[in-house]
>>> print(open('input04.cif').read())   # mmCIF, C-alpha atoms and all ligand atoms
data_input
loop_
_atom_site.label_atom_id
_atom_site.label_comp_id
_atom_site.auth_asym_id
_atom_site.auth_seq_id
_atom_site.Cartn_x
_atom_site.Cartn_y
_atom_site.Cartn_z
CA MET M 1 19.47 -93.75 -24.60
CA PRO M 2 17.92 -91.11 -26.86
CA GLU M 3 20.19 -88.18 -27.60
CA LEU M 4 20.22 -84.58 -28.72
CA VAL M 5 23.04 -84.49 -31.28
CA PHE M 6 24.36 -81.30 -32.85
CA PHE M 7 26.01 -81.93 -36.24
CA SER M 8 27.97 -78.83 -36.90
CA GLY M 9 30.39 -77.44 -39.47
CA THR M 10 30.89 -74.55 -41.83
CA MET M 11 28.55 -73.85 -44.70
CA ASP M 12 28.86 -76.30 -47.58
CA CYS M 13 30.43 -79.13 -45.58
CA GLY M 14 27.61 -81.64 -46.13
CA LYS M 15 25.30 -81.16 -43.13
CA SER M 16 22.05 -81.30 -45.10
CA THR M 17 23.35 -84.27 -47.08
CA LEU M 18 24.01 -86.12 -43.83
CA ALA M 19 20.55 -85.16 -42.53
CA LEU M 20 19.01 -86.68 -45.67
CA GLN M 21 21.16 -89.80 -45.34
CA ILE M 22 20.13 -90.32 -41.71
CA GLU M 23 16.51 -89.89 -42.78
CA HIS M 24 16.95 -92.34 -45.66
CA ASN M 25 18.64 -95.03 -43.55
CA ARG M 26 16.06 -94.87 -40.79
CA SER M 27 13.01 -94.71 -43.01
CA ALA M 28 14.43 -97.64 -45.02
CA ARG M 29 14.14 -99.65 -41.79
CA GLY M 30 10.52 -98.67 -41.23
CA LEU M 31 11.12 -95.83 -38.79
CA GLU M 32 9.25 -92.56 -39.14
CA GLY M 33 10.96 -89.24 -38.65
CA MET M 34 9.56 -85.79 -38.18
CA ILE M 35 11.66 -83.44 -40.31
CA PHE M 36 11.97 -79.73 -39.69
CA ALA M 37 13.90 -76.98 -41.45
CA ARG M 38 14.00 -73.23 -41.37
CA ASP M 39 14.86 -70.87 -44.23
CA ASP M 40 16.30 -73.54 -46.49
CA ARG M 41 17.62 -72.05 -49.75
CA ALA M 42 15.20 -74.27 -51.71
CA GLY M 43 12.24 -72.53 -50.07
CA ALA M 44 9.82 -72.96 -47.19
CA GLY M 45 8.98 -76.51 -46.19
CA LYS M 46 12.09 -78.04 -47.78
CA LEU M 47 15.31 -79.65 -46.59
CA SER M 48 17.74 -79.59 -49.50
CA SER M 49 21.34 -80.55 -50.15
CA ARG M 50 23.69 -79.17 -52.79
CA LEU M 51 24.00 -82.72 -54.08
CA GLY M 52 20.49 -82.24 -55.48
CA LEU M 53 18.50 -84.24 -52.97
CA VAL M 54 15.51 -82.60 -51.33
CA THR M 55 12.73 -83.70 -49.02
CA GLU M 56 9.61 -82.14 -47.55
CA ALA M 57 10.02 -80.65 -44.09
CA ILE M 58 7.95 -78.73 -41.60
CA GLU M 59 8.95 -75.08 -41.79
CA VAL M 60 9.90 -73.86 -38.32
CA ALA M 61 8.07 -70.65 -37.47
CA ASP M 62 9.10 -68.31 -34.64
CA GLU M 63 6.14 -69.48 -32.55
CA LEU M 64 6.61 -73.22 -33.14
CA ASP M 65 6.88 -75.16 -29.88
CA PHE M 66 8.62 -78.42 -30.81
CA TYR M 67 7.60 -80.22 -27.63
CA ALA M 68 3.92 -79.22 -27.90
CA HIS M 69 3.93 -80.08 -31.62
CA LEU M 70 5.28 -83.58 -30.97
CA VAL M 71 2.94 -84.18 -28.03
CA ASP M 72 -0.06 -83.11 -30.17
CA HIS M 73 1.04 -85.35 -33.02
CA LEU M 74 1.60 -88.40 -30.80
CA SER M 75 -1.57 -87.92 -28.78
CA GLN M 76 -3.60 -87.84 -32.00
CA GLY M 77 -2.25 -91.28 -32.85
CA GLY M 78 0.58 -90.02 -35.09
CA ARG M 79 3.96 -91.69 -35.12
CA ALA M 80 7.41 -90.19 -34.68
CA ASP M 81 10.50 -92.26 -33.94
CA TYR M 82 13.09 -89.49 -34.30
CA VAL M 83 13.38 -85.82 -35.16
CA ILE M 84 15.63 -84.07 -37.68
CA VAL M 85 16.11 -80.29 -37.69
CA ASP M 86 18.16 -78.55 -40.38
CA GLU M 87 19.43 -74.95 -40.28
CA ALA M 88 19.19 -75.23 -36.50
CA GLN M 89 21.33 -72.11 -36.09
CA PHE M 90 18.20 -70.11 -36.97
CA LEU M 91 16.16 -71.50 -34.05
CA ALA M 92 15.48 -69.52 -30.89
CA PRO M 93 17.26 -70.76 -27.75
CA GLU M 94 13.87 -71.69 -26.22
CA GLN M 95 13.22 -73.96 -29.19
CA ILE M 96 16.48 -75.81 -28.46
CA ASP M 97 15.28 -76.28 -24.88
CA GLN M 98 12.08 -77.76 -26.31
CA LEU M 99 14.14 -80.17 -28.43
CA ALA M 100 16.04 -81.28 -25.31
CA ARG M 101 12.68 -81.93 -23.66
CA VAL M 102 11.60 -84.01 -26.67
CA VAL M 103 14.65 -86.22 -26.01
CA ASP M 104 14.24 -86.42 -22.23
CA ASP M 105 10.46 -86.61 -21.86
CA LEU M 106 9.35 -88.25 -25.10
CA GLY M 107 12.39 -90.51 -25.53
CA LEU M 108 13.10 -89.53 -29.16
CA ASP M 109 16.48 -88.98 -30.78
CA VAL M 110 16.86 -85.43 -32.07
CA PHE M 111 19.44 -84.73 -34.79
CA ALA M 112 20.09 -81.02 -35.26
CA PHE M 113 22.24 -79.69 -38.11
CA GLY M 114 23.65 -76.19 -38.39
CA ILE M 115 26.54 -73.80 -38.58
CA THR M 116 27.93 -72.67 -35.25
CA THR M 117 29.12 -69.15 -36.00
CA ASP M 118 28.00 -66.35 -38.27
CA PHE M 119 29.98 -64.23 -40.74
CA ARG M 120 31.38 -62.17 -37.82
CA THR M 121 32.57 -65.38 -36.08
CA LYS M 122 29.90 -64.88 -33.41
CA LEU M 123 27.74 -67.75 -32.19
CA PHE M 124 24.18 -67.93 -33.46
CA PRO M 125 21.91 -67.98 -30.36
CA GLY M 126 20.38 -71.32 -31.43
CA SER M 127 23.82 -72.88 -31.93
CA GLN M 128 25.03 -71.53 -28.61
CA ARG M 129 22.12 -73.24 -26.87
CA LEU M 130 22.84 -76.46 -28.78
CA VAL M 131 26.45 -76.38 -27.63
CA GLU M 132 25.17 -75.88 -24.08
CA LEU M 133 22.55 -78.65 -24.17
CA ALA M 134 23.55 -81.29 -26.71
CA ASP M 135 24.50 -84.76 -25.52
CA ARG M 136 26.97 -84.89 -28.38
CA ILE M 137 28.48 -82.47 -30.88
CA GLU M 138 29.66 -84.02 -34.10
CA VAL M 139 31.93 -82.06 -36.41
CA LEU M 140 31.44 -83.23 -39.98
CA GLN M 141 34.23 -85.39 -41.37
CA VAL M 142 34.19 -84.10 -44.96
CA GLU M 143 36.02 -80.86 -44.41
CA ALA M 144 35.31 -77.81 -46.50
CA LEU M 145 38.52 -76.12 -47.61
CA CYS M 146 39.69 -72.53 -47.66
CA TRP M 147 41.09 -71.31 -51.01
CA CYS M 148 44.60 -71.78 -49.51
CA GLY M 149 43.95 -75.50 -48.96
CA ALA M 150 43.67 -75.35 -45.16
CA ARG M 151 40.59 -76.65 -43.42
CA ALA M 152 37.83 -74.04 -43.59
CA THR M 153 36.60 -73.24 -40.10
CA HIS M 154 34.80 -69.93 -40.63
CA ASN M 155 32.08 -68.48 -42.81
CA ALA M 156 32.65 -65.18 -44.60
CA ARG M 157 29.94 -63.00 -46.13
CA THR M 158 30.63 -61.04 -49.28
CA VAL M 159 28.71 -58.08 -50.61
CA GLY M 160 29.60 -56.89 -54.09
CA GLY M 161 32.48 -59.36 -54.03
CA HIS M 162 34.01 -57.89 -50.84
CA MET M 163 34.08 -59.53 -47.43
CA VAL M 164 32.00 -57.67 -44.85
CA VAL M 165 31.93 -57.95 -41.07
CA GLU M 166 28.87 -55.86 -40.35
CA GLY M 167 25.22 -56.45 -41.15
CA ALA M 168 22.19 -58.50 -40.10
CA GLN M 169 23.06 -61.84 -38.58
CA VAL M 170 20.61 -63.71 -40.80
CA VAL M 171 20.75 -63.34 -44.58
CA VAL M 172 19.82 -66.55 -46.40
CA GLY M 173 22.30 -67.19 -49.19
CA ASP M 174 24.81 -69.51 -50.78
CA VAL M 175 28.45 -69.96 -51.66
CA ASN M 176 29.53 -69.36 -55.28
CA GLN M 177 27.12 -66.48 -55.82
CA ALA M 178 27.57 -63.86 -58.54
CA PRO M 179 29.79 -61.01 -57.22
CA ASP M 180 26.93 -58.48 -57.25
CA GLU M 181 24.87 -60.62 -54.85
CA VAL M 182 25.27 -61.25 -51.14
CA GLY M 183 27.24 -64.46 -50.93
CA TYR M 184 29.29 -66.62 -48.62
CA GLU M 185 32.73 -68.20 -48.71
CA VAL M 186 34.30 -70.61 -46.26
CA LEU M 187 37.78 -69.65 -45.06
CA CYS M 188 40.40 -70.80 -42.58
CA ARG M 189 40.69 -68.59 -39.50
CA ARG M 190 43.88 -66.93 -40.73
CA HIS M 191 42.28 -65.73 -43.93
CA HIS M 192 39.01 -64.83 -42.21
CA ARG M 193 40.97 -62.60 -39.81
CA ARG M 194 42.75 -60.99 -42.75
CA ARG M 195 39.49 -60.69 -44.70
CA MET M 196 41.20 -62.45 -47.54
CA THR M 197 38.71 -64.21 -49.75
CA ALA M 198 39.73 -66.09 -52.88
CA ALA M 199 38.95 -63.00 -54.98
CA ALA M 200 40.97 -60.71 -52.69
CA ALA M 201 43.92 -63.13 -52.76
CA HIS M 202 43.71 -63.32 -56.54
CA ALA M 203 43.54 -59.53 -56.86
CA SER M 204 46.53 -58.99 -54.59
CA ALA M 205 48.52 -61.64 -56.47
CA LEU M 206 47.85 -59.72 -59.70
CA SER M 207 48.61 -56.31 -58.24
CA PRO M 208 51.80 -54.71 -59.66
CA ASP M 209 52.52 -53.38 -56.13
CA VAL M 210 52.99 -56.88 -54.83
CA LEU M 211 56.16 -58.85 -55.48
CA PRO M 212 55.48 -62.12 -57.32
CA LEU M 213 55.80 -64.66 -54.51
CA ASP M 214 55.59 -68.39 -54.87
CA GLY M 215 53.29 -70.48 -52.62
CA ASP M 216 56.10 -71.43 -50.18
CA THR M 217 57.14 -67.82 -49.68
CA VAL M 218 53.54 -66.75 -49.10
CA GLY M 219 53.20 -69.53 -46.51
CA THR M 220 56.41 -68.42 -44.77
CA LEU M 221 55.32 -64.79 -44.69
CA GLU M 222 51.90 -65.73 -43.38
CA ARG M 223 53.38 -67.75 -40.55
CA SER M 224 55.78 -64.95 -39.59
N1 LIG W 301 29.02 -81.64 -57.89
C1 LIG W 301 29.34 -82.20 -56.73
N2 LIG W 301 29.95 -83.39 -56.69
C2 LIG W 301 30.28 -83.97 -55.51
N3 LIG W 301 30.01 -83.45 -54.32
C3 LIG W 301 29.40 -82.27 -54.30
C4 LIG W 301 29.02 -81.58 -55.49
N4 LIG W 301 28.42 -80.42 -55.11
C5 LIG W 301 28.43 -80.41 -53.78
N5 LIG W 301 29.03 -81.52 -53.28
C6 LIG W 301 29.23 -81.91 -51.87
O1 LIG W 301 28.16 -81.41 -51.13
C7 LIG W 301 28.66 -80.68 -50.00
C8 LIG W 301 27.62 -79.66 -49.62
O2 LIG W 301 26.52 -80.37 -49.13
P1 LIG W 301 25.33 -79.71 -48.34
O3 LIG W 301 24.65 -80.84 -47.63
O4 LIG W 301 24.50 -78.87 -49.25
O5 LIG W 301 26.14 -78.78 -47.30
P2 LIG W 301 25.68 -77.96 -46.03
O6 LIG W 301 24.29 -78.39 -45.65
O7 LIG W 301 26.71 -78.28 -44.97
O8 LIG W 301 25.77 -76.51 -46.42
C9 LIG W 301 29.99 -80.12 -50.49
O9 LIG W 301 30.88 -79.88 -49.43
C10 LIG W 301 30.50 -81.29 -51.34
O10 LIG W 301 31.14 -82.24 -50.51
C1 LIG W 302 27.47 -67.43 -42.18
C2 LIG W 302 26.03 -67.06 -42.23
C3 LIG W 302 25.15 -67.83 -42.95
N1 LIG W 302 23.85 -67.49 -43.01
C4 LIG W 302 22.92 -68.32 -43.79
C5 LIG W 302 23.32 -68.59 -45.22
C6 LIG W 302 22.60 -69.90 -45.51
O1 LIG W 302 21.27 -69.58 -45.91
C7 LIG W 302 22.58 -70.61 -44.15
C8 LIG W 302 23.61 -71.69 -44.03
O2 LIG W 302 23.23 -72.75 -44.86
P1 LIG W 302 24.18 -74.02 -45.16
O3 LIG W 302 23.18 -75.10 -45.53
O4 LIG W 302 24.95 -74.36 -43.93
O5 LIG W 302 25.06 -73.65 -46.30
O6 LIG W 302 22.84 -69.59 -43.19
C9 LIG W 302 23.36 -66.39 -42.32
O7 LIG W 302 22.17 -66.10 -42.34
N2 LIG W 302 24.24 -65.62 -41.61
C10 LIG W 302 25.55 -65.92 -41.54
O8 LIG W 302 26.31 -65.17 -40.86
#
>>> encode(input="input04.cif", output="structure tokens")
Amino acid sequence: MPELVFFSGTMDCGKSTLALQIEHNRSARGLEGMIFARDDRAGAGKLSSRLGLVTEAIEVADELDFYAHLVDHLSQGGRADYVIVDEAQFLAPEQIDQLARVVDDLGLDVFAFGITTDFRTKLFPGSQRLVELADRIEVLQVEALCWCGARATHNARTVGGHMVVEGAQVVVGDVNQAPDEVGYEVLCRRHHRRRMTAAAAHASALSPDVLPLDGDTVGTLERS
């Protein structure tokens, strides 16, 4: 049975890498995929991974109708055996409905990759619709880690090196940015709630107002 699968995780956990691997494995067996992405950091019409791999993709515009696009392509004699969509959090909910229709009415597997929540811990509308409609949600196995070593579950945005919780939902960017740029950092929920990025934790550890605590004591205090 064809499926709509939502591969989800924080930023920097390997989603685009997995998308490229799925594409590689299927095309190596003679299958042909239609690959889409939206606002990839490498630029329009690209699907790129931090491991350095990149492939051409169809840039998803606001007005793109996935179902109509696939029907047009197939009816003109084109081939498509499966569909890959990266940065799916940026899609409109209606576009996710169109992807579900591609699965149900055209019989194609659709693999969508994206982050679930934004820097305020709120669902992206496209991700919300994916959670509502997907046959399967796969959380990536290679976990990104918070600076404290716990599994990172949330995405923080930093402006001028400080974590912010207000601003536009969509700002294309990356982790490990220079402090003067808008950047992102993955954190565990505890440190996201406390707005404690790696830089903030480092600064407070160096502050003369703070007693020098070892890691165990910090952990005990945090749990209390
Ligand atoms: N130099 C490196 N060596 C090994 N793995 C790396 C390196 N740089 C990045 N990675 C891996 O790539 C992952 C990010 O992959 P990517 O597909 O770009 O993530 P996502 O699409 O989820 O944001 C990192 O979590 C890490 O596992
Ligand atoms: C948290 C968050 C992220 N974004 C942007 C930043 C990146 O361009 C992408 C995520 O890409 P990745 O391949 O998963 O690293 O989303 C955003 O616009 N708003 C946010 O709140």
>>> residues_around(input="input04.cif", residues="Glu181 in chain M", least_positions_apart="6", cutoff="12 Å", atoms="all atoms listed in the file", output="mmCIF file with C-alpha atoms, in the frame of the given file")
data_model
loop_
_atom_site.group_PDB
_atom_site.id
_atom_site.type_symbol
_atom_site.label_atom_id
_atom_site.label_comp_id
_atom_site.auth_asym_id
_atom_site.auth_seq_id
_atom_site.Cartn_x
_atom_site.Cartn_y
_atom_site.Cartn_z
ATOM 1 C CA ARG M 157 29.940 -63.000 -46.130
ATOM 2 C CA THR M 158 30.630 -61.040 -49.280
ATOM 3 C CA VAL M 159 28.710 -58.080 -50.610
ATOM 4 C CA GLY M 160 29.600 -56.890 -54.090
ATOM 5 C CA GLY M 161 32.480 -59.360 -54.030
ATOM 6 C CA HIS M 162 34.010 -57.890 -50.840
ATOM 7 C CA MET M 163 34.080 -59.530 -47.430
ATOM 8 C CA VAL M 171 20.750 -63.340 -44.580
ATOM 9 C CA VAL M 172 19.820 -66.550 -46.400
ATOM 10 C CA GLY M 173 22.300 -67.190 -49.190
ATOM 11 C CA ASP M 174 24.810 -69.510 -50.780
ATOM 12 C CA VAL M 175 28.450 -69.960 -51.660
#
>>> atom_distance(input="input04.cif", atom1="atom N5 of ligand LIG 301 (chain W)", atom2="CA of Cys146 in chain M")
15.0 Å
>>> closest_atom_pairs(input="input04.cif", of="chain M", to="ligand LIG 302 (chain W)", cutoff="9 Å", atoms="all atoms listed in the file", output="CSV")
residue,atom,partner,partner_atom,distance
M:Ser8,CA,W:LIG302,O4,8.9
M:Gly9,CA,W:LIG302,O4,7.7
M:Thr10,CA,W:LIG302,O4,6.3
M:Met11,CA,W:LIG302,O4,3.7
M:Asp12,CA,W:LIG302,O5,4.8
M:Cys13,CA,W:LIG302,O4,7.5
M:Gly14,CA,W:LIG302,O3,7.9
M:Lys15,CA,W:LIG302,O3,6.9
M:Ser16,CA,W:LIG302,O3,6.3
M:Asp39,CA,W:LIG302,O1,6.8
M:Asp40,CA,W:LIG302,O1,6.4
M:Arg41,CA,W:LIG302,O1,5.8
M:Ser48,CA,W:LIG302,O3,8.1
M:Ser49,CA,W:LIG302,O3,7.4
M:Arg50,CA,W:LIG302,O3,8.3
M:Asp86,CA,W:LIG302,O3,8.0
M:Glu87,CA,W:LIG302,O2,6.3
M:Gln89,CA,W:LIG302,O6,7.7
M:Phe90,CA,W:LIG302,O6,7.8
M:Phe113,CA,W:LIG302,O4,8.3
M:Gly114,CA,W:LIG302,O4,6.0
M:Ile115,CA,W:LIG302,O4,5.6
M:Thr116,CA,W:LIG302,C1,8.7
M:Thr117,CA,W:LIG302,C1,6.6
M:Asp118,CA,W:LIG302,O8,3.3
M:Phe119,CA,W:LIG302,O8,3.8
M:Arg120,CA,W:LIG302,O8,6.6
M:Thr121,CA,W:LIG302,O8,7.9
M:Lys122,CA,W:LIG302,O8,8.3
M:Phe124,CA,W:LIG302,O8,8.2
M:His154,CA,W:LIG302,C1,7.9
M:Asn155,CA,W:LIG302,C1,4.8
M:Ala156,CA,W:LIG302,C1,6.1
M:Arg157,CA,W:LIG302,C1,6.4
M:Gly167,CA,W:LIG302,O8,8.8
M:Ala168,CA,W:LIG302,N2,7.6
M:Gln169,CA,W:LIG302,N2,5.0
M:Val170,CA,W:LIG302,O7,3.2
M:Val171,CA,W:LIG302,O7,3.8
M:Val172,CA,W:LIG302,O1,3.4
M:Gly173,CA,W:LIG302,O1,4.2
M:Asp174,CA,W:LIG302,C6,5.7
M:Val175,CA,W:LIG302,O5,7.3
M:Gly183,CA,W:LIG302,C5,8.1
M:Tyr184,CA,W:LIG302,C1,6.7
M:Glu185,CA,W:LIG302,C1,8.4
M:Val186,CA,W:LIG302,C1,8.6
>>> write_last_selection(input="input04.cif", atoms="C-alpha atoms", output="tab-separated table (two decimals), in the frame of the given file")
chain	number	residue	atom	x	y	z
M	8	SER	CA	27.97	-78.83	-36.90
M	9	GLY	CA	30.39	-77.44	-39.47
M	10	THR	CA	30.89	-74.55	-41.83
M	11	MET	CA	28.55	-73.85	-44.70
M	12	ASP	CA	28.86	-76.30	-47.58
M	13	CYS	CA	30.43	-79.13	-45.58
M	14	GLY	CA	27.61	-81.64	-46.13
M	15	LYS	CA	25.30	-81.16	-43.13
M	16	SER	CA	22.05	-81.30	-45.10
M	39	ASP	CA	14.86	-70.87	-44.23
M	40	ASP	CA	16.30	-73.54	-46.49
M	41	ARG	CA	17.62	-72.05	-49.75
M	48	SER	CA	17.74	-79.59	-49.50
M	49	SER	CA	21.34	-80.55	-50.15
M	50	ARG	CA	23.69	-79.17	-52.79
M	86	ASP	CA	18.16	-78.55	-40.38
M	87	GLU	CA	19.43	-74.95	-40.28
M	89	GLN	CA	21.33	-72.11	-36.09
M	90	PHE	CA	18.20	-70.11	-36.97
M	113	PHE	CA	22.24	-79.69	-38.11
M	114	GLY	CA	23.65	-76.19	-38.39
M	115	ILE	CA	26.54	-73.80	-38.58
M	116	THR	CA	27.93	-72.67	-35.25
M	117	THR	CA	29.12	-69.15	-36.00
M	118	ASP	CA	28.00	-66.35	-38.27
M	119	PHE	CA	29.98	-64.23	-40.74
M	120	ARG	CA	31.38	-62.17	-37.82
M	121	THR	CA	32.57	-65.38	-36.08
M	122	LYS	CA	29.90	-64.88	-33.41
M	124	PHE	CA	24.18	-67.93	-33.46
M	154	HIS	CA	34.80	-69.93	-40.63
M	155	ASN	CA	32.08	-68.48	-42.81
M	156	ALA	CA	32.65	-65.18	-44.60
M	157	ARG	CA	29.94	-63.00	-46.13
M	167	GLY	CA	25.22	-56.45	-41.15
M	168	ALA	CA	22.19	-58.50	-40.10
M	169	GLN	CA	23.06	-61.84	-38.58
M	170	VAL	CA	20.61	-63.71	-40.80
M	171	VAL	CA	20.75	-63.34	-44.58
M	172	VAL	CA	19.82	-66.55	-46.40
M	173	GLY	CA	22.30	-67.19	-49.19
M	174	ASP	CA	24.81	-69.51	-50.78
M	175	VAL	CA	28.45	-69.96	-51.66
M	183	GLY	CA	27.24	-64.46	-50.93
M	184	TYR	CA	29.29	-66.62	-48.62
M	185	GLU	CA	32.73	-68.20	-48.71
M	186	VAL	CA	34.30	-70.61	-46.26
>>> closest_residue(input="input04.cif", among="M:Glu132, M:Glu3, M:Glu143, M:Asp180", to="ligand LIG 301 (chain W)", atoms="all atoms listed in the file")
M:Glu143
>>> closest_residue(input="input04.cif", among="M:Leu99, M:Val139, M:Ala28, M:Leu91", to="ligand LIG 301 (chain W)", atoms="all atoms listed in the file")
M:Val139
>>> atom_distance(input="input04.cif", atom1="CA of Arg129 in chain M", atom2="CA of Gln95 in chain M")
9.2 Å
>>> atom_distance(input="input04.cif", atom1="CA of Asn176 in chain M", atom2="CA of Ile22 in chain M")
26.7 Å
>>> residues_around(input="input04.cif", residues="range 60-70 of chain M", least_positions_apart="6", cutoff="9 Å", atoms="all atoms listed in the file", output="ChimeraX atom specification")
/M:34,36-39,44-45,78,80,85,91-92,94-96,98-102,106
>>> closest_residue(input="input04.cif", among="M:Gly43, M:Phe111, M:Pro93, M:Leu145", to="Gln128 in chain M", atoms="all atoms listed in the file")
M:Pro93
>>> closest_residue(input="input04.cif", among="M:Gln177, M:Ser127, M:Gln141, M:Gln76", to="ligand LIG 301 (chain W)", atoms="all atoms listed in the file")
M:Gln141
>>> residues_around(input="input04.cif", residues="Val103 in chain M", least_positions_apart="6", cutoff="9 Å", atoms="only C-alpha atoms", output="PyMOL selection string")
chain M and resi 2-4+109-110
>>> closest_residue(input="input04.cif", among="M:Arg151, M:Asp104, M:Arg79, M:His192", to="ligand LIG 301 (chain W)", atoms="all atoms listed in the file")
M:Arg151
>>> closest_residue(input="input04.cif", among="M:Leu18, M:Ala88, M:Ala144, M:Val182", to="Leu51 in chain M", atoms="only C-alpha atoms")
M:Leu18
>>> residues_around(input="input04.cif", residues="Gly33 in chain M", least_positions_apart="6", cutoff="6 Å", atoms="all atoms listed in the file", output="ChimeraX atom specification")
/M:80-83
>>> decode(input="input04.cif", residues="range 52-79 of chain M", atoms="C-alpha atoms", output="PDB file, in the first residue's frame")
ATOM      1  CA  GLY M  52      27.586  17.986   1.722  1.00  0.00           C
ATOM      2  CA  LEU M  53      25.244  16.084  -0.557  1.00  0.00           C
ATOM      3  CA  VAL M  54      22.832  18.052  -2.706  1.00  0.00           C
ATOM      4  CA  THR M  55      20.378  17.257  -5.464  1.00  0.00           C
ATOM      5  CA  GLU M  56      18.129  19.232  -7.783  1.00  0.00           C
ATOM      6  CA  ALA M  57      14.548  19.646  -6.602  1.00  0.00           C
ATOM      7  CA  ILE M  58      11.412  21.394  -7.719  1.00  0.00           C
ATOM      8  CA  GLU M  59      11.008  24.540  -5.635  1.00  0.00           C
ATOM      9  CA  VAL M  60       7.559  24.537  -4.029  1.00  0.00           C
ATOM     10  CA  ALA M  61       5.777  27.827  -4.667  1.00  0.00           C
ATOM     11  CA  ASP M  62       2.731  29.000  -2.690  1.00  0.00           C
ATOM     12  CA  GLU M  63       0.477  28.245  -5.656  1.00  0.00           C
ATOM     13  CA  LEU M  64       1.888  24.789  -6.453  1.00  0.00           C
ATOM     14  CA  ASP M  65      -0.810  22.117  -6.504  1.00  0.00           C
ATOM     15  CA  PHE M  66       1.048  18.830  -5.980  1.00  0.00           C
ATOM     16  CA  TYR M  67      -1.812  16.669  -7.212  1.00  0.00           C
ATOM     17  CA  ALA M  68      -2.369  18.713 -10.396  1.00  0.00           C
ATOM     18  CA  HIS M  69       1.398  18.832 -11.004  1.00  0.00           C
ATOM     19  CA  LEU M  70       1.716  15.040 -10.780  1.00  0.00           C
ATOM     20  CA  VAL M  71      -1.380  14.428 -12.903  1.00  0.00           C
ATOM     21  CA  ASP M  72      -0.033  16.807 -15.593  1.00  0.00           C
ATOM     22  CA  HIS M  73       3.360  15.119 -15.530  1.00  0.00           C
ATOM     23  CA  LEU M  74       1.946  11.589 -15.761  1.00  0.00           C
ATOM     24  CA  SER M  75      -0.623  12.443 -18.410  1.00  0.00           C
ATOM     25  CA  GLN M  76       2.132  13.887 -20.598  1.00  0.00           C
ATOM     26  CA  GLY M  77       3.887  10.526 -20.494  1.00  0.00           C
ATOM     27  CA  GLY M  78       6.249  11.435 -17.632  1.00  0.00           C
ATOM     28  CA  ARG M  79       7.176   8.934 -14.974  1.00  0.00           C
TER      29      ARG M  79
END
